[in-house]
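Student: Data: structure.txt, compact mmCIF, C-alpha atoms and all ligand atoms.
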```txt
# COMPACT_ATOMS: atom_id res chain seq x y z
CA MET A 1041 6.94 -9.38 49.44
CA ALA A 1042 9.93 -7.16 48.71
CA ALA A 1043 11.68 -10.14 47.11
CA LEU A 1044 8.61 -10.82 44.94
CA ASN A 1045 8.51 -7.18 43.84
CA ARG A 1046 12.18 -7.35 42.92
CA ILE A 1047 11.60 -10.53 40.86
CA GLN A 1048 8.59 -8.96 39.09
CA LYS A 1049 10.62 -5.85 38.32
CA LEU A 1050 13.43 -7.97 36.91
CA ALA A 1051 10.97 -10.02 34.84
CA SER A 1052 9.42 -6.84 33.41
CA HIS A 1053 12.86 -5.93 32.10
CA LEU A 1054 13.35 -9.35 30.54
CA ASP A 1055 9.92 -9.50 28.80
CA PRO A 1056 9.89 -7.22 25.78
CA PRO A 1057 6.93 -4.82 26.03
CA LYS A 1058 3.90 -6.01 24.05
CA PRO A 1059 3.09 -3.70 21.12
CA MET A 1060 -0.27 -1.91 20.98
CA ARG A 1061 -2.73 -3.93 18.93
CA PHE A 1062 -5.35 -2.85 16.42
CA LYS A 1063 -8.27 -4.06 14.34
CA VAL A 1064 -7.48 -4.45 10.64
CA ALA A 1065 -10.15 -5.07 7.97
CA LEU A 1066 -9.13 -6.65 4.67
CA LEU A 1067 -11.63 -6.11 1.83
CA GLY A 1068 -11.16 -8.60 -1.01
CA ALA A 1069 -9.68 -11.12 1.42
CA ALA A 1070 -10.47 -14.24 -0.61
CA GLY A 1071 -8.65 -13.11 -3.77
CA GLY A 1072 -5.20 -13.77 -5.17
CA ILE A 1073 -3.68 -11.00 -3.01
CA GLY A 1074 -6.22 -11.28 -0.21
CA GLN A 1075 -5.42 -14.87 0.76
CA PRO A 1076 -1.65 -14.63 1.24
CA LEU A 1077 -2.10 -11.17 2.75
CA SER A 1078 -4.58 -12.61 5.27
CA MET A 1079 -1.92 -15.11 6.26
CA LEU A 1080 0.82 -12.49 6.61
CA LEU A 1081 -1.43 -10.12 8.60
CA LYS A 1082 -2.43 -12.98 10.93
CA MET A 1083 1.27 -13.15 11.84
CA SER A 1084 1.45 -9.48 12.87
CA PRO A 1085 2.01 -8.78 16.58
CA TYR A 1086 0.23 -5.42 16.07
CA ILE A 1087 -3.15 -6.93 15.13
CA SER A 1088 -5.72 -7.93 17.74
CA GLU A 1089 -8.57 -8.57 15.28
CA LEU A 1090 -8.36 -9.38 11.58
CA ALA A 1091 -11.69 -8.95 9.80
CA LEU A 1092 -11.71 -10.72 6.43
CA TYR A 1093 -14.36 -9.49 3.99
CA ASP A 1094 -15.18 -10.57 0.43
CA VAL A 1095 -18.21 -11.10 -1.76
CA ALA A 1096 -17.22 -14.77 -2.23
CA ASN A 1097 -15.40 -17.54 -0.35
CA THR A 1098 -14.62 -15.68 2.87
CA PRO A 1099 -15.84 -18.43 5.25
CA GLY A 1100 -13.23 -20.88 3.96
CA VAL A 1101 -10.37 -18.39 4.03
CA ALA A 1102 -11.31 -17.19 7.52
CA ALA A 1103 -11.62 -20.75 8.86
CA ASP A 1104 -8.26 -21.67 7.39
CA VAL A 1105 -6.35 -18.59 8.60
CA SER A 1106 -8.00 -18.73 12.04
CA HIS A 1107 -6.25 -22.04 12.75
CA MET A 1108 -2.83 -20.34 12.75
CA SER A 1109 -1.55 -20.19 16.34
CA THR A 1110 -0.82 -16.46 16.30
CA GLY A 1111 -2.40 -13.66 18.32
CA ALA A 1112 -4.94 -12.00 16.02
CA ARG A 1113 -8.59 -13.08 16.33
CA VAL A 1114 -9.97 -13.76 12.85
CA THR A 1115 -13.54 -13.01 11.75
CA GLY A 1116 -14.99 -13.79 8.31
CA HIS A 1117 -17.61 -11.60 6.59
CA LEU A 1118 -19.42 -12.54 3.39
CA GLY A 1119 -21.33 -10.11 1.20
CA PRO A 1120 -22.57 -6.55 1.69
CA ALA A 1121 -24.86 -7.37 4.63
CA GLN A 1122 -21.79 -8.38 6.66
CA LEU A 1123 -19.57 -5.46 5.62
CA PRO A 1124 -20.58 -3.14 8.50
CA ALA A 1125 -19.47 -5.69 11.10
CA ALA A 1126 -16.14 -6.14 9.29
CA LEU A 1127 -15.53 -2.38 9.36
CA LYS A 1128 -16.87 -1.40 12.77
CA GLY A 1129 -13.97 -0.41 15.03
CA ALA A 1130 -11.32 -0.95 12.32
CA HIS A 1131 -8.18 1.18 12.68
CA LEU A 1132 -6.76 0.20 9.29
CA VAL A 1133 -8.67 -0.96 6.19
CA VAL A 1134 -6.68 -2.57 3.37
CA ILE A 1135 -8.44 -2.92 -0.01
CA PRO A 1136 -7.27 -5.40 -2.67
CA ALA A 1137 -10.88 -5.92 -3.93
CA GLY A 1138 -11.40 -5.84 -7.67
CA VAL A 1139 -10.42 -7.46 -10.94
CA PRO A 1140 -6.78 -7.94 -12.03
CA ARG A 1141 -5.28 -7.46 -15.50
CA LYS A 1142 -4.96 -10.05 -18.25
CA PRO A 1143 -2.23 -9.87 -20.94
CA GLY A 1144 -2.74 -6.95 -23.30
CA MET A 1145 -4.65 -4.83 -20.76
CA THR A 1146 -3.50 -1.64 -19.07
CA ARG A 1147 -4.35 -0.92 -15.45
CA ASP A 1148 -6.72 1.76 -16.72
CA ASP A 1149 -8.70 -0.96 -18.51
CA LEU A 1150 -9.77 -2.10 -15.02
CA PHE A 1151 -11.32 1.29 -14.25
CA ASN A 1152 -14.88 0.48 -15.33
CA ILE A 1153 -15.21 -2.37 -12.83
CA ASN A 1154 -12.89 -1.38 -10.01
CA ALA A 1155 -13.93 2.29 -9.74
CA GLY A 1156 -17.40 1.27 -8.60
CA ILE A 1157 -16.05 -1.38 -6.22
CA VAL A 1158 -13.69 1.09 -4.53
CA ALA A 1159 -16.36 3.82 -4.37
CA GLY A 1160 -18.83 1.43 -2.74
CA LEU A 1161 -16.34 0.11 -0.19
CA THR A 1162 -15.13 3.63 0.66
CA ALA A 1163 -18.71 4.81 1.23
CA ALA A 1164 -19.09 1.97 3.75
CA ILE A 1165 -15.82 2.99 5.43
CA ALA A 1166 -17.10 6.58 5.70
CA GLU A 1167 -20.19 5.27 7.45
CA HIS A 1168 -18.78 2.56 9.72
CA CYS A 1169 -15.14 3.48 10.52
CA PRO A 1170 -14.60 7.08 9.35
CA GLN A 1171 -11.40 7.48 11.39
CA ALA A 1172 -9.69 4.42 9.92
CA TRP A 1173 -6.55 4.64 7.81
CA VAL A 1174 -7.36 3.37 4.32
CA ALA A 1175 -4.78 1.62 2.13
CA ILE A 1176 -5.91 1.04 -1.46
CA ILE A 1177 -4.32 -1.65 -3.62
CA SER A 1178 -7.09 -1.98 -6.26
CA ASN A 1179 -6.06 -0.72 -9.69
CA PRO A 1180 -5.81 1.69 -11.33
CA VAL A 1181 -4.38 3.15 -8.09
CA ASN A 1182 -3.74 6.51 -9.84
CA SER A 1183 -7.55 6.87 -10.15
CA THR A 1184 -9.00 4.72 -7.34
CA VAL A 1185 -7.35 6.80 -4.61
CA PRO A 1186 -8.83 10.09 -5.96
CA ILE A 1187 -12.21 8.30 -6.13
CA ALA A 1188 -11.90 7.29 -2.48
CA ALA A 1189 -10.88 10.84 -1.53
CA GLU A 1190 -13.98 12.27 -3.23
CA VAL A 1191 -16.30 9.73 -1.56
CA LEU A 1192 -14.80 10.50 1.85
CA LYS A 1193 -15.01 14.26 1.18
CA ARG A 1194 -18.66 13.99 0.26
CA ALA A 1195 -19.30 12.16 3.54
CA GLY A 1196 -17.41 14.92 5.40
CA VAL A 1197 -14.80 12.55 6.83
CA PHE A 1198 -11.82 12.99 4.49
CA SER A 1199 -8.36 13.42 5.94
CA PRO A 1200 -5.44 13.28 3.48
CA ALA A 1201 -3.31 12.09 6.40
CA ARG A 1202 -5.19 8.77 6.47
CA LEU A 1203 -5.67 7.83 2.80
CA PHE A 1204 -2.96 5.88 0.95
CA GLY A 1205 -2.48 4.24 -2.43
CA VAL A 1206 -0.14 1.31 -1.88
CA THR A 1207 2.91 1.66 -4.15
CA THR A 1208 5.20 -0.47 -2.00
CA LEU A 1209 5.41 -3.16 -4.68
CA ASP A 1210 7.29 -0.75 -6.95
CA ILE A 1211 9.81 -0.18 -4.18
CA VAL A 1212 10.09 -3.88 -3.37
CA ARG A 1213 10.81 -4.59 -7.04
CA ALA A 1214 13.36 -1.78 -7.29
CA GLU A 1215 15.13 -3.15 -4.21
CA ALA A 1216 15.17 -6.68 -5.65
CA PHE A 1217 16.41 -5.61 -9.10
CA VAL A 1218 19.07 -3.19 -7.82
CA ALA A 1219 20.28 -5.86 -5.38
CA GLU A 1220 20.89 -8.16 -8.37
CA VAL A 1221 23.00 -5.46 -10.04
CA VAL A 1222 25.10 -4.44 -7.03
CA GLY A 1223 25.33 -7.97 -5.58
CA ALA A 1224 23.82 -6.97 -2.23
CA ASP A 1225 21.21 -8.50 0.04
CA PRO A 1226 17.92 -6.84 -1.07
CA ARG A 1227 17.18 -6.05 2.59
CA ASP A 1228 20.20 -3.74 2.60
CA VAL A 1229 19.12 -1.88 -0.54
CA VAL A 1230 17.18 1.40 -0.56
CA VAL A 1231 15.67 2.77 -3.79
CA PRO A 1232 13.06 5.54 -3.67
CA VAL A 1233 10.25 5.08 -6.21
CA VAL A 1234 7.84 8.00 -6.48
CA GLY A 1235 5.06 9.34 -8.72
CA GLY A 1236 2.16 7.01 -9.44
CA HIS A 1237 1.52 3.32 -10.06
CA ALA A 1238 1.29 2.82 -13.84
CA GLY A 1239 3.88 2.85 -16.62
CA ILE A 1240 5.62 6.17 -17.02
CA THR A 1241 4.11 7.54 -13.78
CA ILE A 1242 6.30 5.07 -11.86
CA LEU A 1243 9.52 7.04 -11.27
CA PRO A 1244 12.40 5.04 -9.79
CA LEU A 1245 15.06 7.38 -8.39
CA LEU A 1246 18.04 5.20 -9.27
CA SER A 1247 20.38 8.16 -8.70
CA GLN A 1248 19.51 7.87 -4.99
CA ALA A 1249 19.92 4.06 -4.76
CA ARG A 1250 21.92 2.84 -1.78
CA PRO A 1251 24.31 1.12 -2.23
CA PRO A 1252 24.81 3.22 -5.37
CA LEU A 1253 24.84 1.66 -8.81
CA PRO A 1254 28.45 1.37 -10.01
CA ALA A 1255 29.79 3.97 -12.45
CA SER A 1256 30.28 1.11 -14.94
CA PHE A 1257 26.47 0.71 -15.00
CA GLY A 1258 26.02 3.28 -17.75
CA ALA A 1259 23.11 5.43 -18.92
CA ASP A 1260 21.66 2.75 -21.24
CA LYS A 1261 21.65 0.15 -18.49
CA ARG A 1262 20.05 2.61 -16.03
CA LYS A 1263 17.37 3.37 -18.58
CA ALA A 1264 16.68 -0.34 -19.08
CA LEU A 1265 16.56 -0.94 -15.32
CA SER A 1266 14.09 1.95 -14.86
CA ALA A 1267 11.94 0.53 -17.63
CA ARG A 1268 12.02 -2.93 -16.03
CA ILE A 1269 10.78 -1.46 -12.72
CA GLN A 1270 8.03 0.46 -14.56
CA ASP A 1271 6.96 -2.62 -16.52
CA ALA A 1272 7.41 -5.23 -13.79
CA GLY A 1273 3.65 -5.60 -13.29
CA THR A 1274 3.28 -6.41 -16.98
CA GLU A 1275 6.19 -8.89 -16.73
CA VAL A 1276 4.16 -10.82 -14.12
CA VAL A 1277 0.86 -10.49 -16.03
CA GLN A 1278 2.54 -11.98 -19.11
CA ALA A 1279 4.24 -14.76 -17.16
CA LYS A 1280 0.90 -15.68 -15.54
CA ALA A 1281 -0.59 -15.78 -19.07
CA GLY A 1282 -4.19 -14.97 -18.19
CA ALA A 1283 -4.19 -16.23 -14.60
CA GLY A 1284 -4.00 -12.73 -13.09
CA SER A 1285 -1.32 -10.32 -11.94
CA ALA A 1286 1.16 -10.11 -9.06
CA THR A 1287 -0.33 -11.58 -5.89
CA LEU A 1288 2.46 -13.02 -3.72
CA SER A 1289 4.96 -10.16 -4.05
CA MET A 1290 2.01 -7.78 -3.62
CA ALA A 1291 0.90 -9.53 -0.44
CA TYR A 1292 4.46 -9.19 0.88
CA ALA A 1293 4.53 -5.49 -0.08
CA ALA A 1294 1.11 -4.80 1.47
CA ALA A 1295 2.05 -6.59 4.69
CA ARG A 1296 5.16 -4.44 4.86
CA PHE A 1297 3.10 -1.29 4.30
CA ALA A 1298 0.49 -2.34 6.89
CA ASP A 1299 3.27 -3.01 9.39
CA SER A 1300 4.57 0.55 8.88
CA CYS A 1301 1.07 1.97 9.45
CA LEU A 1302 0.51 -0.07 12.60
CA ARG A 1303 3.93 0.77 14.06
CA ALA A 1304 3.20 4.44 13.45
CA MET A 1305 -0.26 4.13 15.06
CA ALA A 1306 1.36 2.44 18.03
CA GLY A 1307 3.52 5.52 18.57
CA GLU A 1308 6.75 3.96 17.31
CA GLY A 1309 7.13 6.66 14.67
CA PRO A 1310 8.07 8.61 12.84
CA VAL A 1311 8.03 5.67 10.41
CA ALA A 1312 9.56 6.21 6.96
CA GLU A 1313 7.29 5.07 4.12
CA THR A 1314 6.31 5.96 0.58
CA ALA A 1315 2.71 6.00 -0.65
CA TYR A 1316 0.43 7.67 -3.18
CA VAL A 1317 -1.25 10.40 -1.15
CA ALA A 1318 -3.35 13.53 -1.61
CA PHE A 1319 -0.41 15.85 -1.01
CA PRO A 1320 1.30 17.46 -4.02
CA PRO A 1321 5.08 17.16 -3.84
CA SER A 1322 7.03 20.43 -3.62
CA GLU A 1323 8.68 19.53 -6.96
CA ALA A 1324 5.31 19.21 -8.79
CA PRO A 1325 2.72 21.32 -6.94
CA ASP A 1326 0.28 20.92 -9.84
CA LEU A 1327 -0.14 17.17 -9.11
CA PRO A 1328 -2.76 16.80 -6.34
CA PHE A 1329 -1.95 13.11 -5.81
CA PHE A 1330 1.58 11.73 -5.86
CA ALA A 1331 3.61 8.93 -4.29
CA SER A 1332 6.13 10.71 -2.08
CA PRO A 1333 8.44 9.67 0.72
CA LEU A 1334 6.56 10.23 3.98
CA ARG A 1335 6.93 10.18 7.71
CA LEU A 1336 4.03 8.47 9.43
CA GLY A 1337 3.00 9.32 12.98
CA LYS A 1338 0.18 8.28 15.31
CA THR A 1339 -2.50 10.08 13.30
CA GLY A 1340 -1.27 9.34 9.79
CA VAL A 1341 0.98 11.32 7.45
CA GLN A 1342 3.08 13.57 9.66
CA GLU A 1343 5.36 14.96 6.98
CA VAL A 1344 5.69 14.77 3.20
CA LEU A 1345 9.38 14.77 2.35
CA PRO A 1346 10.94 16.32 -0.75
CA LEU A 1347 11.94 13.92 -3.52
CA GLY A 1348 15.61 14.78 -3.12
CA PRO A 1349 18.07 15.54 -5.89
CA LEU A 1350 16.91 14.18 -9.28
CA ASP A 1351 19.25 13.61 -12.21
CA ALA A 1352 18.43 14.92 -15.69
CA SER A 1353 16.62 11.79 -16.85
CA GLU A 1354 14.55 11.60 -13.62
CA ARG A 1355 13.58 15.28 -14.02
CA ALA A 1356 12.52 14.54 -17.60
CA THR A 1357 10.36 11.57 -16.51
CA LEU A 1358 8.75 13.72 -13.81
CA ALA A 1359 7.81 16.29 -16.46
CA ASP A 1360 6.67 13.62 -18.96
CA MET A 1361 4.40 11.78 -16.53
CA LYS A 1362 2.33 14.83 -15.62
CA PRO A 1363 -0.34 14.67 -18.37
CA GLU A 1364 -0.99 10.96 -17.76
CA LEU A 1365 -1.09 11.23 -13.97
CA LEU A 1366 -3.31 14.33 -14.07
CA GLY A 1367 -5.61 12.57 -16.56
CA SER A 1368 -5.97 9.54 -14.29
CA ILE A 1369 -6.64 11.75 -11.26
CA ARG A 1370 -9.29 13.73 -13.15
CA LYS A 1371 -10.90 10.54 -14.41
CA GLY A 1372 -11.29 9.35 -10.80
CA VAL A 1373 -12.60 12.68 -9.56
CA ASP A 1374 -15.09 12.91 -12.46
CA PHE A 1375 -16.31 9.38 -11.84
CA ALA A 1376 -16.93 10.10 -8.17
CA GLY A 1377 -18.72 13.33 -9.10
CA ARG A 1378 -21.17 11.42 -11.34
CA LYS A 1379 -22.11 8.90 -8.62
P1 LIG B 1 -8.48 -11.42 -7.58
O1 LIG B 1 -9.52 -11.43 -8.64
O2 LIG B 1 -7.69 -12.66 -7.35
O3 LIG B 1 -9.15 -11.06 -6.18
C1 LIG B 1 -10.00 -9.96 -6.03
C2 LIG B 1 -10.99 -10.28 -4.93
O4 LIG B 1 -11.84 -9.14 -4.79
C3 LIG B 1 -11.89 -11.48 -5.24
O5 LIG B 1 -11.85 -12.41 -4.17
C4 LIG B 1 -13.27 -10.88 -5.38
O6 LIG B 1 -14.32 -11.70 -4.91
C5 LIG B 1 -13.11 -9.63 -4.50
N1 LIG B 1 -14.13 -8.62 -4.74
C6 LIG B 1 -14.68 -8.22 -5.90
N2 LIG B 1 -15.60 -7.26 -5.67
C7 LIG B 1 -15.60 -7.04 -4.34
C8 LIG B 1 -16.33 -6.18 -3.49
N3 LIG B 1 -17.25 -5.33 -3.96
N4 LIG B 1 -16.08 -6.24 -2.17
C9 LIG B 1 -15.14 -7.08 -1.68
N5 LIG B 1 -14.45 -7.93 -2.43
C10 LIG B 1 -14.68 -7.90 -3.75
O7 LIG B 1 -7.51 -10.19 -7.86
P2 LIG B 1 -6.08 -9.89 -7.17
O8 LIG B 1 -5.01 -10.54 -7.95
O9 LIG B 1 -6.17 -10.15 -5.72
O10 LIG B 1 -5.97 -8.29 -7.45
C11 LIG B 1 -6.84 -7.40 -6.84
C12 LIG B 1 -6.58 -5.98 -7.30
O11 LIG B 1 -5.29 -5.55 -6.86
C13 LIG B 1 -6.61 -5.79 -8.81
O12 LIG B 1 -7.30 -4.61 -9.13
C14 LIG B 1 -5.13 -5.65 -9.17
O13 LIG B 1 -4.94 -4.93 -10.35
C15 LIG B 1 -4.62 -4.92 -7.96
N6 LIG B 1 -3.18 -4.99 -7.74
C16 LIG B 1 -2.55 -3.86 -7.31
C17 LIG B 1 -1.20 -3.86 -7.05
C18 LIG B 1 -0.52 -2.63 -6.55
O14 LIG B 1 0.71 -2.57 -6.58
N7 LIG B 1 -1.22 -1.63 -6.05
C19 LIG B 1 -0.46 -5.04 -7.24
C20 LIG B 1 -1.12 -6.19 -7.67
C21 LIG B 1 -2.49 -6.15 -7.93
C1 LIG B 2 1.49 -4.65 -10.36
O1 LIG B 2 2.23 -3.67 -10.45
O2 LIG B 2 1.91 -5.81 -10.37
C2 LIG B 2 0.01 -4.43 -10.22
O3 LIG B 2 -0.33 -3.09 -10.41
C3 LIG B 2 -0.81 -5.36 -11.05
C4 LIG B 2 -0.71 -5.08 -12.52
O4 LIG B 2 -1.76 -5.06 -13.18
O5 LIG B 2 0.39 -4.91 -13.03
```
Just dump the structure as structure tokens.

Tutor:
Amino acid sequence: MAALNRIQKLASHLDPPKPMRFKVALLGAAGGIGQPLSMLLKMSPYISELALYDVANTPGVAADVSHMSTGARVTGHLGPAQLPAALKGAHLVVIPAGVPRKPGMTRDDLFNINAGIVAGLTAAIAEHCPQAWVAIISNPVNSTVPIAAEVLKRAGVFSPARLFGVTTLDIVRAEAFVAEVVGADPRDVVVPVVGGHAGITILPLLSQARPPLPASFGADKRKALSARIQDAGTEVVQAKAGAGSATLSMAYAAARFADSCLRAMAGEGPVAETAYVAFPPSEAPDLPFFASPLRLGKTGVQEVLPLGPLDASERATLADMKPELLGSIRKGVDFAGRK
């Protein structure tokens, strides 16, 4: 018996501890982002149940993904009648539901359709899983997150610690583009990107890039690199020529963001992340929503970190973006108020 105990003790040291596991609901699971994101989430060791919801084609996606020999149990949910079951018990809800851009459109042009979709889905979250963390991908993020906040407030279940606009794709792009310039592996590159998720509201903090950009990479080149990061979504929309916007890089970015949330929930925090949240940054207290560097803990946002030292051009962009970001926030709040 003593020998058996010793062997079990030894084995418990050899087996890595299993992470805590959670239910994740993906709303818009059959779409361009939803499908590859379903696959990536099915590979997560932190997910016990993956609920895939869409208004079309979910049975096929769920059947397909469920055949992967990974841990998460997959359930498929089609149409509004099956939404409550998808949400019940969810710890994290990820929302890529809605229409994408075509060439010539701005993200704001999606407002008329996507605002209602996000409001409706958030109302269901308020009813069926009010404690869940909510990660919104649907554009225009600068407005859809304020809409979700208003819907949750009206239902009396809003916590700014648990509501996120996913801006990870901007960071992923900045890492990839800076890596090209400095000749590093993108996984070793860190570039904060803050603000919002549209045009000028996307503020890459190239002055804080690690490894740093070389001194020979002058002001004009920095300006062009910033502009490329801000316009990268449009670069993909144009390359896809009418067939939608970024889906694969977005699925990668969302899986990375979801992993951060789940690790934080599991108590492995504080986890460093950046997201568009309902906390004004200390540098711009007049902006009620802003993508800031965060520390995530078990119950959501634990700390909103300062943006760090900005150079003159970054300070100018921060000042210049304010009217547009405030306008998008107000548009979302007004929309939710009229519903
Ligand atoms: P898509 O059209 O390929 O897929 C959208 C899916 O949403 C479809 O399967 C559709 O059936 C579903 N849907 C529509 N209404 C729904 C509802 N009420 N409930 C549940 N599902 C619903 O579009 P996509 O390429 O996957 O893009 C989705 C959204 O993500 C767009 O708004 C796009 O602009 C946005 N996006 C955001 C980022 C970001 O960085 N935050 C990046 C890329 C795309
Ligand atoms: C992106 O940045 O790729 C997304 O917001 C989609 C878009 O419309 O550009």

Student: How would you report the residues lying within 6 Å of ligand LIG 1 (chain B), as a VMD selection string, if you count only C-alpha atoms and all ligand atoms?

Tutor: chain A and resid 1067 to 1068 1070 to 1074 1094 to 1096 1136 to 1141 1157 1177 to 1179 1206 to 1207 1209 1284 to 1287 1290

Student: Those same residues, written as a tab-separated table (two decimals), in the frame of the given file with C-alpha atoms?

Tutor:
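selection-v1.tsv, written as the output of this step:
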```
chain	number	residue	atom	x	y	z
A	1067	LEU	CA	-11.63	-6.11	1.83
A	1068	GLY	CA	-11.16	-8.60	-1.01
A	1070	ALA	CA	-10.47	-14.24	-0.61
A	1071	GLY	CA	-8.65	-13.11	-3.77
A	1072	GLY	CA	-5.20	-13.77	-5.17
A	1073	ILE	CA	-3.68	-11.00	-3.01
A	1074	GLY	CA	-6.22	-11.28	-0.21
A	1094	ASP	CA	-15.18	-10.57	0.43
A	1095	VAL	CA	-18.21	-11.10	-1.76
A	1096	ALA	CA	-17.22	-14.77	-2.23
A	1136	PRO	CA	-7.27	-5.40	-2.67
A	1137	ALA	CA	-10.88	-5.92	-3.93
A	1138	GLY	CA	-11.40	-5.84	-7.67
A	1139	VAL	CA	-10.42	-7.46	-10.94
A	1140	PRO	CA	-6.78	-7.94	-12.03
A	1141	ARG	CA	-5.28	-7.46	-15.50
A	1157	ILE	CA	-16.05	-1.38	-6.22
A	1177	ILE	CA	-4.32	-1.65	-3.62
A	1178	SER	CA	-7.09	-1.98	-6.26
A	1179	ASN	CA	-6.06	-0.72	-9.69
A	1206	VAL	CA	-0.14	1.31	-1.88
A	1207	THR	CA	2.91	1.66	-4.15
A	1209	LEU	CA	5.41	-3.16	-4.68
A	1284	GLY	CA	-4.00	-12.73	-13.09
A	1285	SER	CA	-1.32	-10.32	-11.94
A	1286	ALA	CA	1.16	-10.11	-9.06
A	1287	THR	CA	-0.33	-11.58	-5.89
A	1290	MET	CA	2.01	-7.78	-3.62
```

Student: If you count all atoms listed in the file, which residues fall within 9 Å of stretch 1116-1126 of chain A, apart from same-chain ones fewer than 5 positions away, as a list in words?

Tutor: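 My reading of the contact set: Val1064, Ala1065, Leu1066, Leu1067, Leu1090, Ala1091, Leu1092, Tyr1093, Asp1094, Val1095, Ala1096, Asn1097, Thr1098, Pro1099, Gly1100, Val1101, Ala1102, Ala1103, Leu1161, Ala1164, Ile1165, Glu1167, His1168 and Cys1169 of chain A.
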
Student: Nearest residue to A:Gly1156 out of A:Leu1365, A:Val1234, A:Ala1188, A:Ala1293, using all atoms listed in the file?

Tutor: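 Closest to A:Gly1156, using all atoms listed in the file: A:Ala1188.
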
Student: What does the distance between atom CA of A:Phe1257 and atom CA of A:Val1222 come to in Å, to one decimal place?

Tutor: 9.6 Å

Student: State, in Å with one decimal place, the distance from atom CA of A:Glu1323 to atom CA of A:Asp1271.

Tutor: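 Between atom CA of A:Glu1323 and atom CA of A:Asp1271 the gap works out to 24.2 Å.
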
Student: Kindly indicate which residue among A:Gln1270, A:Asn1154, A:Ser1322, A:Ser1106 lies nearest to A:Ala1214, using all atoms listed in the file for the distances.

Tutor: A:Gln1270

Student: Give the answer as one residue: which of A:Gly1111, A:Gly1160, A:Pro1310, A:Gly1258 has the shortest atom-to-atom distance to A:Ile1135, using all atoms listed in the file?

Tutor: A:Gly1160

Student: For atom CA of A:Lys1058 and atom CA of A:Val1311, quote the distance in Å rounded to one decimal.

Tutor: 18.4 Å

Student: Identify which of the residues A:Pro1349, A:Pro1143, A:Gly1340, A:Pro1170 lies closest to ligand LIG 2 (chain B), counting all atoms listed in the file when measuring atom-to-atom distances.

Tutor: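 Nearest candidate to ligand LIG 2 (chain B) out of A:Pro1349, A:Pro1143, A:Gly1340, A:Pro1170: A:Pro1143.
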
Student: For A:Lys1371, which residue out of A:Thr1115, A:Ser1183, A:Asn1152, A:Thr1241 is the nearest one, using all atoms listed in the file?

Tutor: A:Ser1183

Student: Dig up all the protein and nucleic acid residues within 10 Å of (-12.7, 15.3, 11.2) in the file frame, using all atoms listed in the file, and format them as a PyMOL selection string.

Tutor: chain A and resi 1170-1171+1196-1199

Student: Those same residues, written as a PDB file, keeping the file's coordinate frame with C-alpha atoms?

Tutor:
```pdb
ATOM      1  CA  PRO A1170     -14.600   7.080   9.350  1.00  0.00           C
ATOM      2  CA  GLN A1171     -11.400   7.480  11.390  1.00  0.00           C
ATOM      3  CA  GLY A1196     -17.410  14.920   5.400  1.00  0.00           C
ATOM      4  CA  VAL A1197     -14.800  12.550   6.830  1.00  0.00           C
ATOM      5  CA  PHE A1198     -11.820  12.990   4.490  1.00  0.00           C
ATOM      6  CA  SER A1199      -8.360  13.420   5.940  1.00  0.00           C
TER       7      SER A1199
END
```

Student: Can you list, as a PyMOL selection string, every protein, DNA or RNA residue that comes within 9 Å of A:Ser1247 when you count all atoms listed in the file, leaving out same-chain residues fewer than 3 positions away?

Tutor: chain A and resi 1231+1244+1250+1252-1253+1349-1351+1354

Student: List as a PyMOL selection string the protein and nucleic acid residues near A:Met1060, meaning an atom at most 10 Å away when all atoms listed in the file are counted, but skip any in the same chain fewer than 5 places from it.

Tutor: chain A and resi 1085-1088+1302-1303+1305-1308

Student: With distances taken over all atoms listed in the file, which of A:Gln1075, A:Thr1110, A:Ser1289, A:Gln1248 is nearest to A:Leu1347?

Tutor: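 Checking each of A:Gln1075, A:Thr1110, A:Ser1289, A:Gln1248 against A:Leu1347, counting all atoms listed in the file, the winner is A:Gln1248.
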
Student: Can you list, as an MDAnalysis selection string, every protein, DNA or RNA residue that comes within 12 Å of A:Ala1304 when you count only C-alpha atoms, leaving out same-chain residues fewer than 2 positions away?

Tutor: chainID A and resid 1059:1062 1086 1131:1132 1173 1202 1297:1302 1306:1313 1334:1342

Student: Set the distance at 7 Å and use all atoms listed in the file: which residues neighbour stretch 1189-1192 of chain A once local chain neighbours fewer than 5 positions away are removed? I'd like the list as a ChimeraX atom specification.

Tutor: /A:1159,1162-1163,1166,1197-1198,1373,1376

Student: Complete stretch 1334-1339 of chain A at the level of N, CA and C atoms, written as a compact mmCIF listing (two decimals), in the coordinates of the input.

Tutor:
```txt
# COMPACT_ATOMS: atom_id res chain seq x y z
N LEU A 1334 7.37 9.67 2.89
CA LEU A 1334 6.56 10.23 3.98
C LEU A 1334 7.17 9.88 5.33
N ARG A 1335 6.75 10.65 6.33
CA ARG A 1335 6.93 10.18 7.71
C ARG A 1335 5.55 9.99 8.29
N LEU A 1336 5.32 8.77 8.82
CA LEU A 1336 4.03 8.47 9.43
C LEU A 1336 4.13 8.60 10.94
N GLY A 1337 3.10 9.22 11.52
CA GLY A 1337 3.00 9.32 12.98
C GLY A 1337 1.70 8.69 13.44
N LYS A 1338 1.35 8.95 14.70
CA LYS A 1338 0.18 8.28 15.31
C LYS A 1338 -1.12 8.55 14.59
N THR A 1339 -1.22 9.73 13.94
CA THR A 1339 -2.50 10.08 13.30
C THR A 1339 -2.41 10.05 11.78
```
